[in-house]
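Pasting upload.txt here (compact mmCIF, C-alpha atoms and all ligand atoms):
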# COMPACT_ATOMS: atom_id res chain seq x y z
CA MET A 1 -13.12 23.64 -231.17
CA SER A 2 -12.01 27.22 -230.70
CA HIS A 3 -12.23 28.75 -227.26
CA ALA A 4 -13.25 32.27 -226.38
CA ILE A 5 -11.52 31.74 -223.03
CA ALA A 6 -8.89 29.24 -221.93
CA VAL A 7 -7.69 29.44 -218.34
CA ASP A 8 -4.75 27.50 -216.97
CA ASN A 9 -3.93 27.22 -213.28
CA LEU A 10 -5.46 30.61 -212.45
CA THR A 11 -4.92 31.61 -208.83
CA LYS A 12 -5.59 34.77 -206.83
CA THR A 13 -4.50 35.23 -203.25
CA PHE A 14 -5.27 38.16 -200.96
CA GLY A 15 -2.72 37.85 -198.14
CA ALA A 16 -3.28 34.44 -196.57
CA LEU A 17 -6.62 33.95 -198.36
CA THR A 18 -6.73 31.97 -201.60
CA ALA A 19 -9.83 33.43 -203.29
CA VAL A 20 -9.29 31.55 -206.57
CA ASP A 21 -7.46 28.27 -206.34
CA HIS A 22 -5.72 26.85 -209.44
CA LEU A 23 -8.63 27.04 -211.89
CA THR A 24 -8.24 25.38 -215.27
CA PHE A 25 -11.14 25.56 -217.72
CA ASN A 26 -12.21 26.55 -221.23
CA VAL A 27 -15.23 28.37 -222.60
CA PRO A 28 -16.03 27.38 -226.22
CA GLU A 29 -16.98 30.22 -228.57
CA GLY A 30 -20.67 31.01 -229.02
CA ILE A 31 -22.03 29.54 -225.80
CA CYS A 32 -23.53 31.05 -222.68
CA PHE A 33 -21.33 29.97 -219.78
CA GLY A 34 -22.57 30.35 -216.21
CA LEU A 35 -20.34 30.70 -213.19
CA LEU A 36 -22.34 29.80 -210.09
CA GLY A 37 -21.47 29.66 -206.44
CA PRO A 38 -22.34 30.96 -202.98
CA ASN A 39 -21.18 34.33 -201.65
CA GLY A 40 -17.42 34.37 -201.36
CA ALA A 41 -16.88 31.39 -203.70
CA GLY A 42 -14.53 33.45 -205.88
CA LYS A 43 -16.80 34.20 -208.87
CA THR A 44 -16.24 37.96 -209.00
CA THR A 45 -12.50 37.56 -208.46
CA THR A 46 -12.39 35.03 -211.33
CA ILE A 47 -14.49 37.21 -213.66
CA GLU A 48 -12.42 40.31 -212.87
CA MET A 49 -9.23 38.44 -213.79
CA LEU A 50 -10.86 37.27 -217.05
CA GLU A 51 -11.99 40.85 -217.76
CA GLY A 52 -8.42 42.10 -217.35
CA ILE A 53 -9.35 44.27 -214.36
CA LEU A 54 -7.52 42.26 -211.68
CA PRO A 55 -4.04 40.78 -212.23
CA PRO A 56 -3.80 37.05 -211.41
CA THR A 57 -1.35 35.93 -208.72
CA THR A 58 -0.37 33.02 -210.97
CA GLY A 59 -1.76 31.31 -214.06
CA GLN A 60 -2.52 32.08 -217.70
CA ILE A 61 -5.56 33.47 -219.48
CA ARG A 62 -5.97 33.08 -223.24
CA LEU A 63 -8.72 34.85 -225.20
CA PHE A 64 -9.65 33.63 -228.69
CA GLY A 65 -6.57 31.38 -228.69
CA GLU A 66 -4.01 34.03 -227.78
CA PRO A 67 -2.54 35.25 -224.48
CA ALA A 68 -4.85 37.97 -223.12
CA SER A 69 -3.63 41.41 -224.22
CA LYS A 70 -4.90 44.98 -224.37
CA ASP A 71 -5.68 44.49 -228.05
CA LEU A 72 -7.84 41.40 -227.41
CA TYR A 73 -9.84 43.25 -224.75
CA LYS A 74 -11.20 45.42 -227.56
CA ARG A 75 -13.30 42.37 -228.41
CA VAL A 76 -14.70 42.18 -224.86
CA GLY A 77 -17.78 43.86 -223.37
CA ILE A 78 -18.50 44.11 -219.65
CA GLN A 79 -21.77 44.80 -217.89
CA PHE A 80 -20.98 46.00 -214.41
CA GLN A 81 -23.39 45.54 -211.51
CA SER A 82 -23.51 49.29 -211.16
CA THR A 83 -22.04 51.82 -213.51
CA ALA A 84 -22.07 55.49 -212.61
CA LEU A 85 -24.00 57.05 -215.48
CA PRO A 86 -22.98 60.58 -216.42
CA ASP A 87 -25.23 63.32 -215.02
CA TYR A 88 -27.82 65.12 -217.15
CA LEU A 89 -27.42 62.89 -220.21
CA LYS A 90 -30.29 61.34 -222.11
CA VAL A 91 -30.20 57.63 -222.95
CA GLY A 92 -29.27 58.28 -226.58
CA GLU A 93 -26.54 60.77 -225.61
CA THR A 94 -25.09 58.36 -223.05
CA LEU A 95 -24.76 55.66 -225.70
CA LYS A 96 -23.15 58.13 -228.14
CA MET A 97 -20.67 59.28 -225.51
CA PHE A 98 -19.59 55.72 -224.68
CA ALA A 99 -19.45 54.77 -228.38
CA ALA A 100 -16.98 57.59 -228.99
CA LEU A 101 -14.52 55.92 -226.58
CA TYR A 102 -14.08 52.91 -228.88
CA GLU A 103 -12.48 52.37 -232.28
CA ARG A 104 -15.17 49.86 -233.18
CA SER A 105 -18.78 50.67 -232.37
CA ALA A 106 -22.10 48.92 -232.82
CA ASP A 107 -24.86 50.56 -234.88
CA LEU A 108 -26.52 52.66 -232.17
CA SER A 109 -30.08 52.68 -233.51
CA GLU A 110 -29.95 48.91 -233.96
CA LEU A 111 -28.51 48.52 -230.46
CA MET A 112 -31.26 50.70 -228.96
CA SER A 113 -33.91 48.75 -230.79
CA MET A 114 -32.45 45.39 -229.67
CA CYS A 115 -32.31 46.54 -226.04
CA ALA A 116 -35.83 48.04 -226.27
CA LEU A 117 -34.49 51.54 -225.55
CA THR A 118 -35.63 53.39 -228.68
CA GLU A 119 -38.63 54.98 -226.98
CA PHE A 120 -36.42 56.15 -224.08
CA ALA A 121 -33.74 57.77 -226.27
CA GLN A 122 -34.73 61.27 -225.08
CA GLN A 123 -35.15 60.32 -221.42
CA ASP A 124 -32.73 61.27 -218.63
CA ALA A 125 -30.62 58.11 -218.13
CA ARG A 126 -30.86 58.41 -214.35
CA ARG A 127 -34.67 58.32 -214.45
CA LEU A 128 -35.06 54.79 -215.78
CA SER A 129 -36.81 51.91 -214.05
CA GLY A 130 -34.67 49.00 -212.83
CA GLY A 131 -35.30 46.93 -215.95
CA GLN A 132 -34.71 49.87 -218.32
CA ARG A 133 -31.48 50.72 -216.52
CA GLN A 134 -30.23 47.11 -216.82
CA ARG A 135 -31.00 47.23 -220.55
CA LEU A 136 -29.02 50.46 -220.84
CA LEU A 137 -26.08 48.89 -218.95
CA LEU A 138 -26.28 45.92 -221.32
CA ALA A 139 -26.37 48.24 -224.34
CA LEU A 140 -23.25 49.96 -222.95
CA ALA A 141 -21.57 46.53 -222.61
CA LEU A 142 -22.38 45.89 -226.28
CA ILE A 143 -21.36 49.33 -227.52
CA ASN A 144 -18.04 48.14 -229.01
CA ASP A 145 -19.78 45.22 -230.76
CA PRO A 146 -17.83 42.71 -228.61
CA ASP A 147 -17.45 39.00 -229.35
CA LEU A 148 -17.23 38.09 -225.66
CA ILE A 149 -19.57 39.61 -223.06
CA PHE A 150 -19.35 39.41 -219.28
CA LEU A 151 -22.53 39.86 -217.25
CA ASP A 152 -22.14 39.94 -213.47
CA GLU A 153 -25.51 39.20 -211.87
CA PRO A 154 -27.38 41.09 -214.60
CA THR A 155 -30.92 40.54 -213.29
CA THR A 156 -30.44 41.03 -209.55
CA GLY A 157 -33.24 43.23 -208.24
CA LEU A 158 -35.44 42.99 -211.34
CA ASP A 159 -39.07 41.93 -211.19
CA PRO A 160 -40.02 38.61 -212.87
CA GLN A 161 -41.28 40.23 -216.10
CA ALA A 162 -38.16 42.40 -216.48
CA ARG A 163 -36.00 39.32 -215.86
CA ARG A 164 -37.81 37.39 -218.58
CA ASN A 165 -37.37 40.30 -221.01
CA PHE A 166 -33.70 40.37 -220.17
CA TRP A 167 -33.40 36.60 -220.80
CA GLU A 168 -34.86 37.11 -224.29
CA LEU A 169 -32.26 39.75 -224.94
CA ILE A 170 -29.45 37.37 -223.93
CA GLY A 171 -30.98 34.80 -226.30
CA GLU A 172 -30.75 37.37 -229.10
CA ILE A 173 -27.09 38.07 -228.28
CA LYS A 174 -26.35 34.33 -228.41
CA ARG A 175 -28.12 34.02 -231.77
CA ARG A 176 -25.65 36.58 -233.09
CA GLY A 177 -22.83 34.15 -232.29
CA LYS A 178 -21.45 36.01 -229.27
CA THR A 179 -19.98 34.25 -226.25
CA VAL A 180 -21.62 35.18 -222.94
CA VAL A 181 -20.15 34.63 -219.47
CA LEU A 182 -22.67 35.11 -216.71
CA THR A 183 -22.71 34.98 -212.93
CA THR A 184 -26.04 34.64 -211.21
CA HIS A 185 -27.64 33.67 -207.94
CA TYR A 186 -30.80 32.59 -209.74
CA MET A 187 -30.81 28.91 -210.60
CA ASP A 188 -33.80 29.19 -212.97
CA GLU A 189 -31.85 31.82 -214.89
CA ALA A 190 -28.80 29.56 -215.18
CA GLN A 191 -30.95 26.62 -216.25
CA ILE A 192 -32.69 28.63 -218.97
CA LEU A 193 -29.77 30.64 -220.32
CA CYS A 194 -26.62 28.59 -219.84
CA ASP A 195 -25.37 25.93 -222.22
CA ASP A 196 -22.68 25.10 -219.74
CA ILE A 197 -22.12 25.90 -216.08
CA ALA A 198 -19.29 25.70 -213.58
CA ILE A 199 -20.15 25.52 -209.91
CA MET A 200 -17.54 27.19 -207.70
CA ASP A 201 -17.01 26.75 -204.01
CA GLN A 202 -14.04 27.97 -201.97
CA GLY A 203 -12.11 29.13 -205.01
CA ARG A 204 -12.41 25.88 -206.96
CA ILE A 205 -14.66 24.52 -209.67
CA ILE A 206 -16.37 21.55 -208.10
CA GLU A 207 -18.59 20.61 -211.04
CA ARG A 208 -18.80 21.53 -214.71
CA GLY A 209 -21.15 20.63 -217.55
CA ALA A 210 -24.48 21.28 -219.26
CA PRO A 211 -27.22 21.88 -216.64
CA GLN A 212 -29.38 18.96 -217.81
CA ALA A 213 -26.43 16.57 -218.06
CA LEU A 214 -25.31 17.45 -214.53
CA LEU A 215 -28.80 16.91 -213.20
CA SER A 216 -29.18 13.49 -214.82
CA GLN A 217 -25.73 12.53 -213.62
CA HIS A 218 -26.46 13.45 -209.99
CA PHE A 219 -30.14 12.65 -209.69
CA GLN A 220 -31.58 9.51 -211.18
CA GLY A 221 -35.32 9.55 -210.60
CA ALA A 222 -37.00 12.06 -208.34
CA LEU A 223 -36.73 13.94 -205.07
CA VAL A 224 -39.16 13.35 -202.24
CA TYR A 225 -39.42 16.36 -199.93
CA LEU A 226 -40.64 15.83 -196.39
CA PRO A 227 -41.06 18.51 -193.68
CA GLU A 228 -38.54 18.16 -190.85
CA ALA A 229 -41.37 17.96 -188.28
CA ASN A 230 -42.57 14.66 -189.78
CA LEU A 231 -39.33 13.00 -188.71
CA ALA A 232 -39.75 13.99 -185.06
CA GLY A 233 -35.98 14.09 -184.60
CA ARG A 234 -35.25 10.76 -186.33
CA GLU A 235 -32.20 10.31 -188.53
CA LEU A 236 -32.94 8.78 -191.94
CA ASP A 237 -30.65 6.00 -193.13
CA ARG A 238 -31.38 6.70 -196.82
CA ALA A 239 -29.65 9.17 -199.15
CA HIS A 240 -31.03 12.61 -198.33
CA PHE A 241 -30.09 16.20 -197.71
CA LYS A 242 -31.59 19.03 -195.73
CA LYS A 243 -33.59 21.71 -197.52
CA GLU A 244 -35.90 24.56 -196.43
CA GLY A 245 -37.13 23.18 -193.13
CA GLY A 246 -37.24 19.60 -194.35
CA VAL A 247 -35.30 16.77 -195.92
CA GLU A 248 -35.12 15.68 -199.52
CA LEU A 249 -34.68 12.01 -200.34
CA ILE A 250 -33.13 11.08 -203.66
CA THR A 251 -34.90 8.09 -205.13
CA ASP A 252 -35.39 6.25 -208.41
CA GLN A 253 -38.30 4.29 -206.89
CA VAL A 254 -40.87 6.77 -205.60
CA ASP A 255 -43.45 4.01 -204.73
CA ASP A 256 -40.89 2.10 -202.76
CA THR A 257 -39.77 5.21 -200.86
CA LEU A 258 -43.33 6.19 -199.91
CA GLN A 259 -44.07 2.65 -198.72
CA TRP A 260 -40.88 2.62 -196.70
CA LEU A 261 -41.76 5.93 -195.04
CA MET A 262 -45.24 4.65 -194.14
CA ALA A 263 -43.80 1.38 -192.83
CA GLU A 264 -41.45 3.45 -190.64
CA GLY A 265 -44.49 5.29 -189.26
CA ILE A 266 -43.34 8.63 -190.71
CA SER A 267 -46.21 10.98 -191.64
CA LEU A 268 -46.53 11.91 -195.32
CA ASP A 269 -48.23 15.23 -194.50
CA GLY A 270 -46.82 18.04 -196.68
CA LEU A 271 -44.82 15.58 -198.80
CA ARG A 272 -43.84 16.66 -202.33
CA VAL A 273 -42.36 14.68 -205.21
CA GLN A 274 -40.35 16.77 -207.64
CA HIS A 275 -37.58 16.70 -210.21
CA ALA A 276 -34.20 18.01 -209.19
CA ASN A 277 -33.18 21.48 -210.33
CA LEU A 278 -29.85 23.29 -210.14
CA GLU A 279 -30.65 24.49 -206.64
CA ASP A 280 -30.85 20.84 -205.51
CA LEU A 281 -27.62 20.04 -207.31
CA PHE A 282 -25.92 22.93 -205.60
CA LEU A 283 -27.15 21.80 -202.23
CA LYS A 284 -26.00 18.24 -202.85
CA LEU A 285 -22.53 19.34 -203.93
CA THR A 286 -21.80 22.03 -201.37
CA GLY A 287 -24.11 21.28 -198.48
CA HIS A 288 -25.52 24.81 -198.45
CA THR A 289 -28.02 26.77 -200.47
CA LEU A 290 -26.87 29.31 -203.01
CA ARG A 291 -28.20 32.34 -201.18
CA SER A 292 -27.16 31.36 -197.66
N1 LIG A 301 -9.74 42.95 -202.71
C1 LIG A 301 -9.85 41.96 -201.84
N2 LIG A 301 -9.10 41.91 -200.73
C2 LIG A 301 -9.21 40.90 -199.84
N3 LIG A 301 -10.08 39.85 -199.98
C3 LIG A 301 -10.86 39.85 -201.07
C4 LIG A 301 -10.80 40.89 -202.06
N4 LIG A 301 -11.72 40.60 -203.02
C5 LIG A 301 -12.31 39.46 -202.66
N5 LIG A 301 -11.81 38.99 -201.49
C6 LIG A 301 -12.18 37.74 -200.81
O1 LIG A 301 -12.06 36.69 -201.75
C7 LIG A 301 -13.11 35.73 -201.57
C8 LIG A 301 -13.86 35.57 -202.88
O2 LIG A 301 -14.60 36.76 -203.13
P1 LIG A 301 -15.46 36.99 -204.45
O3 LIG A 301 -15.99 38.38 -204.39
O4 LIG A 301 -14.67 36.61 -205.64
O5 LIG A 301 -16.64 35.95 -204.26
P2 LIG A 301 -18.00 35.81 -205.07
O6 LIG A 301 -18.13 34.36 -205.39
O7 LIG A 301 -18.02 36.75 -206.20
O8 LIG A 301 -19.09 36.23 -204.01
P3 LIG A 301 -20.45 37.11 -204.20
O9 LIG A 301 -21.47 36.16 -204.73
O10 LIG A 301 -20.72 37.53 -202.81
O11 LIG A 301 -20.16 38.25 -205.12
C9 LIG A 301 -13.96 36.24 -200.43
O12 LIG A 301 -13.55 35.58 -199.26
C10 LIG A 301 -13.64 37.72 -200.37
O13 LIG A 301 -13.80 38.22 -199.06
Is it possible to give me this structure as C-alpha cells?
Amino acid sequence: MSHAIAVDNLTKTFGALTAVDHLTFNVPEGICFGLLGPNGAGKTTTIEMLEGILPPTTGQIRLFGEPASKDLYKRVGIQFQSTALPDYLKVGETLKMFAALYERSADLSELMSMCALTEFAQQDARRLSGGQRQRLLLALALINDPDLIFLDEPTTGLDPQARRNFWELIGEIKRRGKTVVLTTHYMDEAQILCDDIAIMDQGRIIERGAPQALLSQHFQGALVYLPEANLAGRELDRAHFKKEGGVELITDQVDDTLQWLMAEGISLDGLRVQHANLEDLFLKLTGHTLRS
C-alpha cells in the first residue's frame, strides 16, 4: 500500500518540554485520517511538522514515498485555522490571487462550485458568514489541486448546519481520491469523516485504528450511565469511569448490571443505557474528556 505520509521517530522538544515524543505512523493514500487529543497533546506541533512549517527536533517524514522536500510540498494543501484575507478583495479575486502563486492550479469555477461559493464570487471576502469563510479557506487550501490536504479544526465555531455542509464537502474531496489529515475536538465529526484515527496524549499516539474497530475492541456491549448522586459517595467495584456528573459502567450484560445495582440498593433514577462513542473511548484511554 502506498502512503501519503510515513513518519519515523518524529520528536519535537521546546526546551525541557517534549511536545511530540517519538511518533511513528503511516497514513495510507486516499483516506481521511483524524488526529485527536486534548489541548496540549501535541496535535498542532505534529501537523505543523508534517506541513513543513516546523522543523522536527529528530525523526523523518516521508511524503508519497519520498523524503519530504520543497518539491513534494507542491502537492500539499493547508487550511489554517485563521488566514488573514487580503483587504478589499472579492471572493473570486481572492481565489485568483492565491492561484497565481502556484505553478499548478485547480479550475477556479469548478472549485467555487464545489465549495458552494459561486454566488458569493462578487462579495467582499471579509463579509462572509462563519460557514462561508470556512468554505473559502478550504477553497484556498485546494487552490493548487493538492493530493494531500491538512485541515486543522476546520469546523470550530460553525453552527450544526454549516458543519454538516462542510462534512459533505470533505466527502467530495475524498471521492476525488485525495488524502485528508484532520484535527478536531468534535468526536461526532471524527466518527463520521475519518477512516482511521490516532488518539494523542502527552506527545504520543496512545491508540490507532478505524473508529468502529477501536470502539468494538474497547467496549463489548453497552454503557450504563448513572448520576453520581445515586451512589451517595459509594465506590463501585465494577469497571467504570467518571463522566459528566456521573459514572459509566461498561457491561456486556445490561440485565445483570441493572439487577446488581438494584440489589445493591442503588437508585436507577436518571439511568441511561447507550453505545460507546469516541468520546467514551477517549475518556477510557486518557481519563479526561476531550474538551477539558
Ligand atoms: N512554540 C512553542 N514553544 C514552547 N512550547 C510550545 C510551542 N508550541 C507548542 N508548545 C507546547 O507543546 C505542547 C503541545 O502543544 P500543541 O499546540 O501541539 O498541542 P495541541 O494538541 O495542538 O493542543 P490544542 O488542541 O490546544 O491546539 C503544549 O504543552 C504547548 O504548550
For range 81-97 of chain A, work out the shell of residues within 9 Å, counting only C-alpha atoms and skipping chain neighbours fewer than 4 positions away, then give it as a count of residues only.
24
Report the closest atom pair, with its distance in Å rounded to one decimal, for each residue of chain A that has an atom no farther than 6 Å from ligand LIG 301 (chain A); count only C-alpha atoms and all ligand atoms, sort by chain and then rising residue number, and write it as a Markdown table.
| residue | atom | partner | partner_atom | distance |
| --- | --- | --- | --- | --- |
| A:Phe14 | CA | A:LIG301 | C2 | 4.9 |
| A:Ala19 | CA | A:LIG301 | O1 | 4.2 |
| A:Gly37 | CA | A:LIG301 | O6 | 5.9 |
| A:Pro38 | CA | A:LIG301 | O9 | 5.6 |
| A:Asn39 | CA | A:LIG301 | O10 | 3.4 |
| A:Gly40 | CA | A:LIG301 | O5 | 3.4 |
| A:Ala41 | CA | A:LIG301 | O6 | 3.6 |
| A:Gly42 | CA | A:LIG301 | O4 | 3.2 |
| A:Lys43 | CA | A:LIG301 | O6 | 3.7 |
| A:Thr44 | CA | A:LIG301 | O7 | 3.5 |
| A:Thr45 | CA | A:LIG301 | O4 | 3.7 |
Give me the residues of range 133-237 of chain A that have any atom at most 12 Å from an atom of range 260-267 of chain A; for each, the nearest atom pair and the distance in Å, rounded to one decimal. Use all atoms listed in the file, sort by chain and number, and format it as JSON lines.
{"residue": "A:Val224", "atom": "CA", "partner": "A:Leu261", "partner_atom": "CA", "distance": 10.7}
{"residue": "A:Tyr225", "atom": "CA", "partner": "A:Leu261", "partner_atom": "CA", "distance": 11.8}
{"residue": "A:Leu226", "atom": "CA", "partner": "A:Ser267", "partner_atom": "CA", "distance": 8.8}
{"residue": "A:Pro227", "atom": "CA", "partner": "A:Ser267", "partner_atom": "CA", "distance": 9.3}
{"residue": "A:Glu228", "atom": "CA", "partner": "A:Ser267", "partner_atom": "CA", "distance": 10.5}
{"residue": "A:Ala229", "atom": "CA", "partner": "A:Ser267", "partner_atom": "CA", "distance": 9.1}
{"residue": "A:Asn230", "atom": "CA", "partner": "A:Ser267", "partner_atom": "CA", "distance": 5.5}
{"residue": "A:Leu231", "atom": "CA", "partner": "A:Ile266", "partner_atom": "CA", "distance": 6.3}
{"residue": "A:Ala232", "atom": "CA", "partner": "A:Ile266", "partner_atom": "CA", "distance": 8.6}
{"residue": "A:Gly233", "atom": "CA", "partner": "A:Ile266", "partner_atom": "CA", "distance": 11.0}
{"residue": "A:Arg234", "atom": "CA", "partner": "A:Ile266", "partner_atom": "CA", "distance": 9.4}
{"residue": "A:Glu235", "atom": "CA", "partner": "A:Ile266", "partner_atom": "CA", "distance": 11.5}
{"residue": "A:Leu236", "atom": "CA", "partner": "A:Leu261", "partner_atom": "CA", "distance": 9.8}
{"residue": "A:Asp237", "atom": "CA", "partner": "A:Leu261", "partner_atom": "CA", "distance": 11.3}
For Gly30 in chain A, which residue out of A:Ala100, A:Ile78, A:Ile170, A:Leu271 is the nearest one, using all atoms listed in the file?
A:Ile170
So which residues fall inside 9 Å of (-11.8, 44.7, -224.9) if we count all atoms listed in the file? Mind giving them as a list in words?
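Returned residue set, sorted by chain then number, is Glu51, Gly52, Ser69, Lys70, Asp71, Leu72, Tyr73, Lys74, Arg75, Val76, Gly77, Ile78, Asn144, Pro146 and Leu148 of chain A.
Distance annotation: of A:Leu223, A:Leu278, A:Ala16, A:Leu50, the residue with the minimal separation from Cys194 in chain A is A:Leu278; atom set is all atoms listed in the file.
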Adding 8 Å on each side of the box along x, y and z that holds all listed atoms of range 197-210 of chain A, could you give its centre and edge lengths in Å to one decimal, as lines of an AutoDock Vina configuration file?
center_x = -18.3
center_y = 24.9
center_z = -210.6
size_x = 28.4
size_y = 24.5
size_z = 33.3
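Nearest residue to Thr46 in chain A, choosing from A:Gly287, A:Gly131, A:Gly203, A:Gly270 and counting all atoms listed in the file: A:Gly203.
Residues lying within 9 Å of Leu285 in chain A, counting only C-alpha atoms and ignoring same-chain neighbours fewer than 2 positions away, are Ile199, Ile206, Glu207, Asp280, Leu281, Phe282, Leu283, Gly287 and His288 of chain A.
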One number please: CA of Val180 in chain A to CA of Asn26 in chain A, in Å, one decimal.
12.9 Å
A:His22, A:Arg175, A:Arg135, A:Arg272 ranked by distance to Gly59 in chain A, top pick (using only C-alpha atoms)
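For Gly59 in chain A, the nearest of the given residues is A:His22.
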From the list A:Ile5, A:Thr58, A:Glu244, A:Thr183, which residue is nearest Gln79 in chain A when using only C-alpha atoms?
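Comparing A:Ile5, A:Thr58, A:Glu244, A:Thr183 against Gln79 in chain A, the winner is A:Thr183.
CA of Ser216 in chain A is found 20.7 Å from CA of Ile31 in chain A.
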Using all atoms listed in the file, pick whichever of A:Leu142, A:Leu214, A:Ala6, A:Leu17 has the shortest atom-to-atom distance to Arg104 in chain A.
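Looking only at the distances to Arg104 in chain A, the closest residue turns out to be A:Leu142.
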Report, in Å with one decimal, the straight-line distance from CA of Asp147 in chain A to CA of Ala4 in chain A.
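Between these atoms lies a distance of 8.5 Å.
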